[in-house]
>>> print(open('model-v3.tsv').read())   # TSV, C-alpha atoms
chain	number	residue	atom	x	y	z
A	429	LEU	CA	15.54	-17.90	-32.87
A	430	GLU	CA	19.18	-17.92	-33.85
A	431	ILE	CA	18.51	-15.11	-36.31
A	432	LEU	CA	16.83	-13.05	-33.56
A	433	VAL	CA	19.74	-13.59	-31.22
A	434	ILE	CA	22.17	-12.47	-33.90
A	435	THR	CA	19.97	-9.46	-34.76
A	436	PHE	CA	19.68	-8.36	-31.12
A	437	GLY	CA	23.41	-8.88	-30.68
A	438	VAL	CA	24.22	-6.68	-33.65
A	439	LEU	CA	21.75	-3.99	-32.50
A	440	GLY	CA	23.12	-4.16	-28.98
A	441	ALA	CA	26.69	-3.80	-30.19
A	442	PHE	CA	25.65	-0.89	-32.41
A	443	ALA	CA	23.88	0.85	-29.51
A	444	LEU	CA	26.87	0.26	-27.23
A	445	ASN	CA	29.21	1.71	-29.86
A	446	ASN	CA	26.98	4.79	-30.24
A	447	TRP	CA	26.89	5.20	-26.47
A	448	ASN	CA	30.69	5.00	-26.26
A	449	GLU	CA	31.06	7.53	-29.08
A	450	SER	CA	28.59	9.86	-27.35
A	451	LYS	CA	30.51	9.62	-24.07
A	452	GLU	CA	33.82	10.31	-25.81
A	453	LYS	CA	32.31	13.33	-27.58
A	454	GLN	CA	30.93	14.57	-24.26
A	455	LYS	CA	34.36	14.20	-22.64
A	456	GLU	CA	35.96	16.19	-25.46
A	457	GLU	CA	33.25	18.85	-25.19
A	458	LEU	CA	33.81	19.10	-21.44
A	459	LYS	CA	37.57	19.44	-21.95
A	460	ILE	CA	37.08	22.26	-24.47
A	461	LEU	CA	34.64	24.08	-22.19
A	462	ILE	CA	37.11	23.91	-19.29
A	463	GLU	CA	39.84	25.34	-21.55
A	464	LEU	CA	37.50	28.11	-22.73
A	465	HIS	CA	36.61	28.90	-19.13
A	466	GLY	CA	40.28	29.35	-18.27
A	467	ASP	CA	40.99	31.60	-21.27
A	468	LEU	CA	37.92	33.74	-20.62
A	469	LYS	CA	38.88	34.23	-16.98
A	470	GLN	CA	42.27	35.52	-18.12
A	471	ASN	CA	40.64	37.76	-20.74
A	472	LEU	CA	38.27	39.14	-18.12
A	473	ASP	CA	41.15	39.96	-15.77
A	474	GLU	CA	42.97	41.84	-18.55
A	475	ILE	CA	39.86	43.72	-19.69
A	476	GLU	CA	39.10	44.82	-16.13
A	477	HIS	CA	42.72	45.92	-15.68
A	478	ASP	CA	42.58	47.92	-18.94
A	479	LEU	CA	39.22	49.41	-17.93
A	480	GLU	CA	40.76	50.73	-14.71
A	481	GLY	CA	43.60	52.22	-16.78
A	482	HIS	CA	41.14	54.02	-19.04
A	483	ARG	CA	39.23	55.36	-16.08
A	484	ASN	CA	42.48	56.76	-14.69
A	485	GLY	CA	43.26	58.21	-18.13
A	486	MET	CA	39.84	59.86	-18.21
A	487	PHE	CA	40.46	61.34	-14.76
A	488	MET	CA	43.83	62.76	-15.88
A	489	THR	CA	42.46	64.11	-19.18
A	490	ASP	CA	39.43	65.71	-17.55
A	491	HIS	CA	41.67	67.43	-14.99
A	492	PHE	CA	43.95	68.71	-17.76
A	493	ARG	CA	40.93	70.04	-19.69
A	494	ASN	CA	39.88	71.94	-16.56
A	495	TYR	CA	43.30	73.62	-16.51
A	496	LEU	CA	42.95	74.59	-20.17
A	497	SER	CA	39.46	76.00	-19.65
A	498	GLY	CA	40.43	77.98	-16.56
A	499	LYS	CA	38.24	75.96	-14.22
A	500	LYS	CA	41.35	75.05	-12.23
A	501	PRO	CA	44.26	77.39	-11.44
A	502	VAL	CA	47.47	76.40	-13.18
A	503	ASN	CA	50.07	74.76	-10.91
A	504	ASP	CA	53.13	72.52	-11.06
A	505	SER	CA	50.94	69.46	-11.78
A	506	LEU	CA	50.12	70.61	-15.31
A	507	GLY	CA	52.90	68.55	-16.92
A	508	PHE	CA	51.92	65.47	-14.91
A	509	PHE	CA	48.33	65.62	-16.11
A	510	LEU	CA	49.36	66.26	-19.73
A	511	LEU	CA	51.43	63.07	-19.62
A	512	GLY	CA	48.37	61.25	-18.27
A	513	THR	CA	46.30	62.19	-21.31
A	514	ALA	CA	48.45	59.84	-23.43
A	515	HIS	CA	47.73	56.81	-21.27
A	516	ASP	CA	46.26	54.04	-23.44
A	517	ARG	CA	45.91	50.27	-23.44
A	518	GLN	CA	46.05	47.44	-25.98
A	519	PHE	CA	43.98	44.30	-25.45
A	520	TYR	CA	44.86	41.01	-27.11
A	521	SER	CA	42.44	38.17	-26.52
A	522	LYS	CA	43.71	34.80	-25.34
A	523	THR	CA	42.28	32.58	-28.08
A	524	SER	CA	44.04	29.19	-27.87
A	525	ALA	CA	40.94	27.40	-26.52
A	526	PHE	CA	38.67	29.03	-29.10
A	527	GLU	CA	41.05	28.04	-31.91
A	528	ASN	CA	41.01	24.49	-30.51
A	529	LEU	CA	37.21	24.58	-30.55
A	530	LYS	CA	37.17	25.67	-34.19
A	531	SER	CA	39.62	22.92	-35.12
A	532	HIS	CA	37.23	20.34	-33.62
A	533	GLY	CA	34.24	21.98	-35.28
A	534	LEU	CA	31.88	24.36	-33.50
A	535	ALA	CA	29.17	21.69	-33.59
A	536	ILE	CA	30.98	19.78	-30.85
A	537	LEU	CA	29.26	22.16	-28.41
A	538	SER	CA	25.82	20.67	-27.84
A	539	ASN	CA	24.35	23.90	-26.41
A	540	ASP	CA	23.41	26.01	-29.46
A	541	SER	CA	22.90	29.21	-27.46
A	542	LEU	CA	26.24	28.89	-25.70
A	543	ARG	CA	28.00	28.17	-28.98
A	544	THR	CA	26.58	31.39	-30.44
A	545	GLN	CA	27.56	33.41	-27.37
A	546	ILE	CA	31.15	32.15	-27.42
A	547	THR	CA	31.56	32.76	-31.16
A	548	SER	CA	30.12	36.28	-30.93
A	549	LEU	CA	32.37	37.13	-28.00
A	550	PHE	CA	35.61	36.10	-29.72
A	551	GLU	CA	34.80	37.11	-33.30
A	552	LEU	CA	32.92	40.36	-32.66
A	553	SER	CA	33.29	41.85	-29.17
A	554	TYR	CA	36.98	41.07	-28.68
A	555	LEU	CA	37.91	42.16	-32.19
A	556	ARG	CA	36.23	45.54	-31.62
A	557	LEU	CA	38.10	45.88	-28.36
A	558	GLU	CA	41.45	45.05	-29.95
A	559	GLU	CA	40.80	47.56	-32.74
A	560	ARG	CA	40.49	50.37	-30.18
A	561	GLY	CA	43.95	49.75	-28.71
A	562	HIS	CA	46.84	52.18	-29.18
A	563	LEU	CA	49.13	49.70	-30.95
A	564	LYS	CA	46.81	49.60	-33.96
A	565	GLU	CA	47.98	53.14	-34.93
A	566	ASN	CA	44.54	54.28	-36.06
A	567	LYS	CA	42.05	56.97	-35.05
A	568	PHE	CA	41.63	55.29	-31.65
A	569	ASP	CA	45.34	55.64	-30.76
A	570	LEU	CA	45.32	58.15	-27.90
A	571	LYS	CA	49.02	57.73	-27.21
A	572	GLY	CA	49.83	58.64	-30.81
A	573	LEU	CA	47.39	61.54	-30.64
A	574	MET	CA	48.87	63.15	-27.52
A	575	THR	CA	52.60	62.40	-27.83
A	576	PRO	CA	53.35	65.30	-30.27
A	577	PHE	CA	51.81	67.77	-27.79
A	578	ILE	CA	53.86	66.32	-24.95
A	579	TYR	CA	57.07	66.85	-26.95
A	580	ARG	CA	55.88	70.32	-27.95
A	581	HIS	CA	55.10	71.57	-24.45
A	582	CYS	CA	57.00	69.42	-21.92
A	583	ARG	CA	60.55	69.09	-20.70
A	584	ILE	CA	62.30	67.25	-17.90
A	585	GLY	CA	62.26	69.34	-14.72
A	586	THR	CA	64.85	69.60	-11.96
A	587	ILE	CA	62.78	68.12	-9.12
A	588	GLN	CA	63.48	64.43	-8.58
A	589	TRP	CA	60.44	62.42	-7.47
A	590	GLY	CA	61.93	58.90	-7.47
A	591	GLU	CA	64.35	56.51	-9.10
A	592	ILE	CA	64.56	53.13	-10.78
A	593	GLU	CA	66.41	50.81	-8.39
A	594	ALA	CA	69.63	49.23	-9.58
A	595	ASN	CA	68.27	45.69	-9.07
A	596	THR	CA	65.62	46.31	-11.77
A	597	ILE	CA	68.19	47.11	-14.48
A	598	GLU	CA	71.49	45.57	-15.60
A	599	ASP	CA	73.97	44.49	-12.94
A	600	GLY	CA	76.59	47.09	-12.18
A	601	GLN	CA	74.49	50.00	-13.43
A	602	PRO	CA	73.61	52.83	-11.04
A	603	SER	CA	70.03	53.68	-10.16
A	604	ILE	CA	68.29	55.96	-12.64
A	605	PRO	CA	66.81	59.17	-11.16
A	606	LEU	CA	63.31	60.19	-12.23
A	607	TYR	CA	62.42	63.87	-12.52
A	608	GLU	CA	59.09	65.66	-12.67
A	609	THR	CA	57.81	66.85	-16.05
A	610	GLU	CA	57.34	70.58	-16.38
A	611	ILE	CA	55.77	72.83	-18.99
A	612	LYS	CA	58.15	74.86	-21.18
A	613	ASP	CA	55.80	77.81	-21.67
A	614	VAL	CA	52.47	77.78	-19.83
A	615	LYS	CA	51.04	80.67	-21.87
A	616	ALA	CA	51.85	78.90	-25.14
A	617	LEU	CA	50.24	75.72	-23.87
A	618	LEU	CA	47.05	77.46	-22.76
A	619	ALA	CA	46.82	79.21	-26.13
A	620	ASP	CA	47.30	75.99	-28.15
A	621	GLU	CA	43.93	75.56	-29.89
A	622	GLU	CA	45.09	72.37	-31.62
A	623	LEU	CA	45.81	70.86	-28.19
A	624	ALA	CA	42.37	71.89	-26.93
A	625	LEU	CA	40.74	70.14	-29.90
A	626	ALA	CA	42.85	67.03	-29.31
A	627	ILE	CA	41.79	66.92	-25.66
A	628	GLY	CA	38.11	67.06	-26.68
A	629	TYR	CA	38.65	64.22	-29.17
A	630	ASN	CA	40.63	62.31	-26.53
A	631	ILE	CA	37.74	62.46	-24.07
A	632	ASP	CA	35.21	61.36	-26.68
A	633	GLN	CA	37.34	58.35	-27.65
A	634	ARG	CA	38.13	57.56	-24.02
A	635	MET	CA	34.41	57.41	-23.22
A	636	ALA	CA	33.88	55.07	-26.18
A	637	LYS	CA	36.75	52.84	-25.01
A	638	ILE	CA	35.35	52.68	-21.49
A	639	GLY	CA	31.94	51.81	-22.92
A	640	ILE	CA	33.19	48.91	-25.04
A	641	HIS	CA	35.30	47.63	-22.13
A	642	LEU	CA	32.22	47.63	-19.89
A	643	THR	CA	30.27	45.75	-22.56
A	644	CYS	CA	33.02	43.15	-22.87
A	645	VAL	CA	33.21	42.72	-19.11
A	646	GLU	CA	29.44	42.11	-19.01
A	647	ARG	CA	29.43	39.68	-21.94
A	648	THR	CA	32.52	37.79	-20.81
A	649	THR	CA	31.11	37.41	-17.30
A	650	MET	CA	27.83	36.09	-18.73
A	651	VAL	CA	29.57	33.54	-20.97
A	652	ILE	CA	31.79	32.36	-18.10
A	653	GLN	CA	28.72	31.78	-15.94
A	654	ASN	CA	26.93	29.92	-18.75
A	655	ILE	CA	30.01	27.75	-19.36
A	656	GLU	CA	30.13	26.89	-15.66
A	657	THR	CA	26.48	25.83	-15.82
A	658	GLU	CA	27.16	23.69	-18.88
A	659	ILE	CA	30.24	22.09	-17.29
A	660	ALA	CA	28.14	21.17	-14.26
A	661	ARG	CA	25.47	19.62	-16.52
A	662	LEU	CA	27.96	17.57	-18.54
A	663	SER	CA	29.73	16.40	-15.38
A	664	GLU	CA	26.60	14.83	-13.89
>>> encode(input="model-v3.tsv", output="structure tokens")
Amino acid sequence: LEILVITFGVLGAFALNNWNESKEKQKEELKILIELHGDLKQNLDEIEHDLEGHRNGMFMTDHFRNYLSGKKPVNDSLGFFLLGTAHDRQFYSKTSAFENLKSHGLAILSNDSLRTQITSLFELSYLRLEERGHLKENKFDLKGLMTPFIYRHCRIGTIQWGEIEANTIEDGQPSIPLYETEIKDVKALLADEELALAIGYNIDQRMAKIGIHLTCVERTTMVIQNIETEIARLSE
């Protein structure tokens, strides 16, 4: 009988220790999921902001192409729209929670499907999105593509449209006037075949950027929702 009591005591202590370890692991998993949720919400906000910027850039570039093709009569807005063709964005993922997850070991996430979704989002989708930003100085850099044409065809005009207030720059400095951009030679601009080719490439790349941003918005939103479901389950 004494042996049985000792045996049951040892087994009970072992089971209690396993239970405590399981609860501690669950707490750590819950903490990591909450951190991931916060980072992904910030990433989603930035991606949606960048997506809106690319849509505006597409609007500006499409309008400028219509001027080049003669679909729109040339007016004083030509320089403004040419500047808009160089609008680009650079996404950098917030990864501190994901790095923390990797340091603990991906296996700490008990939901295999969710673990795969999170890993794919950070290591595939976000990396593709970062690669298409203008600071990477590659074939996706629309700012680098269009800037030479802006210097070639634009100059500062004489019509002031606004100013930078003194309280946004160094103390004691006067406000800085802002002037409209105008085209040096409209005929030369309209005859610039290299510019026309660049605008076509710009639109193709802009459409691709918008597409990958939409994909990342969809996938990030899905992962956020799945993390929320998992947090609710672990919190029961």
>>> residues_near_point(input="model-v3.tsv", point="(51.2, 70.2, -23.9)", cutoff="8 Å", atoms="all atoms listed in the file", output="number ranges by chain")
A: 507, 510, 577-582, 611, 617, 623
>>> write_last_selection(input="model-v3.tsv", atoms="C-alpha atoms", output="PDB file, in the frame of the given file")
ATOM      1  CA  GLY A 507      52.900  68.550 -16.920  1.00  0.00           C
ATOM      2  CA  LEU A 510      49.360  66.260 -19.730  1.00  0.00           C
ATOM      3  CA  PHE A 577      51.810  67.770 -27.790  1.00  0.00           C
ATOM      4  CA  ILE A 578      53.860  66.320 -24.950  1.00  0.00           C
ATOM      5  CA  TYR A 579      57.070  66.850 -26.950  1.00  0.00           C
ATOM      6  CA  ARG A 580      55.880  70.320 -27.950  1.00  0.00           C
ATOM      7  CA  HIS A 581      55.100  71.570 -24.450  1.00  0.00           C
ATOM      8  CA  CYS A 582      57.000  69.420 -21.920  1.00  0.00           C
ATOM      9  CA  ILE A 611      55.770  72.830 -18.990  1.00  0.00           C
ATOM     10  CA  LEU A 617      50.240  75.720 -23.870  1.00  0.00           C
ATOM     11  CA  LEU A 623      45.810  70.860 -28.190  1.00  0.00           C
TER      12      LEU A 623
END
>>> closest_residue(input="model-v3.tsv", among="A:Leu461, A:Leu570, A:Leu537, A:Val645", to="Asn630 (chain A)", atoms="all atoms listed in the file")
A:Leu570
>>> atom_distance(input="model-v3.tsv", atom1="CA of Val614 (chain A)", atom2="CA of Lys499 (chain A)")
15.4 Å
>>> atom_distance(input="model-v3.tsv", atom1="CA of Ala514 (chain A)", atom2="CA of Arg493 (chain A)")
13.2 Å
>>> residues_around(input="model-v3.tsv", residues="Arg647 (chain A)", least_positions_apart="2", cutoff="10 Å", atoms="only C-alpha atoms", output="mmCIF file with C-alpha atoms, in the frame of the given file")
data_model
loop_
_atom_site.group_PDB
_atom_site.id
_atom_site.type_symbol
_atom_site.label_atom_id
_atom_site.label_comp_id
_atom_site.auth_asym_id
_atom_site.auth_seq_id
_atom_site.Cartn_x
_atom_site.Cartn_y
_atom_site.Cartn_z
ATOM 1 C CA LEU A 472 38.270 39.140 -18.120
ATOM 2 C CA GLN A 545 27.560 33.410 -27.370
ATOM 3 C CA ILE A 546 31.150 32.150 -27.420
ATOM 4 C CA SER A 548 30.120 36.280 -30.930
ATOM 5 C CA LEU A 549 32.370 37.130 -28.000
ATOM 6 C CA SER A 553 33.290 41.850 -29.170
ATOM 7 C CA HIS A 641 35.300 47.630 -22.130
ATOM 8 C CA LEU A 642 32.220 47.630 -19.890
ATOM 9 C CA THR A 643 30.270 45.750 -22.560
ATOM 10 C CA CYS A 644 33.020 43.150 -22.870
ATOM 11 C CA VAL A 645 33.210 42.720 -19.110
ATOM 12 C CA THR A 649 31.110 37.410 -17.300
ATOM 13 C CA MET A 650 27.830 36.090 -18.730
ATOM 14 C CA VAL A 651 29.570 33.540 -20.970
ATOM 15 C CA ILE A 652 31.790 32.360 -18.100
ATOM 16 C CA GLN A 653 28.720 31.780 -15.940
#
>>> residues_around(input="model-v3.tsv", residues="Gln470 (chain A)", least_positions_apart="2", cutoff="12 Å", atoms="only C-alpha atoms", output="list of chain:residue names")
A:Glu463, A:Leu464, A:His465, A:Gly466, A:Asp467, A:Leu468, A:Leu472, A:Asp473, A:Glu474, A:Ile475, A:Glu476, A:His477, A:Phe519, A:Tyr520, A:Ser521, A:Lys522, A:Thr523, A:Ser524, A:Ala525, A:Val645, A:Thr648, A:Thr649, A:Ile652
>>> atom_distance(input="model-v3.tsv", atom1="CA of Lys615 (chain A)", atom2="CA of Met635 (chain A)")
28.6 Å
>>> residues_around(input="model-v3.tsv", residues="region 478-486 of chain A", least_positions_apart="6", cutoff="7 Å", atoms="all atoms listed in the file", output="list in words")
Gly512, Thr513, His515, Asp516, Arg517, Ile631, Arg634, Ile638 and His641 of chain A
>>> closest_residue(input="model-v3.tsv", among="A:His532, A:Lys637, A:His491, A:Lys500", to="Glu558 (chain A)", atoms="all atoms listed in the file")
A:Lys637
>>> closest_residue(input="model-v3.tsv", among="A:Ile460, A:Met574, A:Leu625, A:Leu662", to="Lys530 (chain A)", atoms="only C-alpha atoms")
A:Ile460
>>> closest_residue(input="model-v3.tsv", among="A:Thr575, A:Thr489, A:Asn471, A:Thr609", to="Phe508 (chain A)", atoms="all atoms listed in the file")
A:Thr609
>>> closest_residue(input="model-v3.tsv", among="A:Leu542, A:Asp490, A:Leu552, A:Leu563", to="Tyr629 (chain A)", atoms="all atoms listed in the file")
A:Asp490
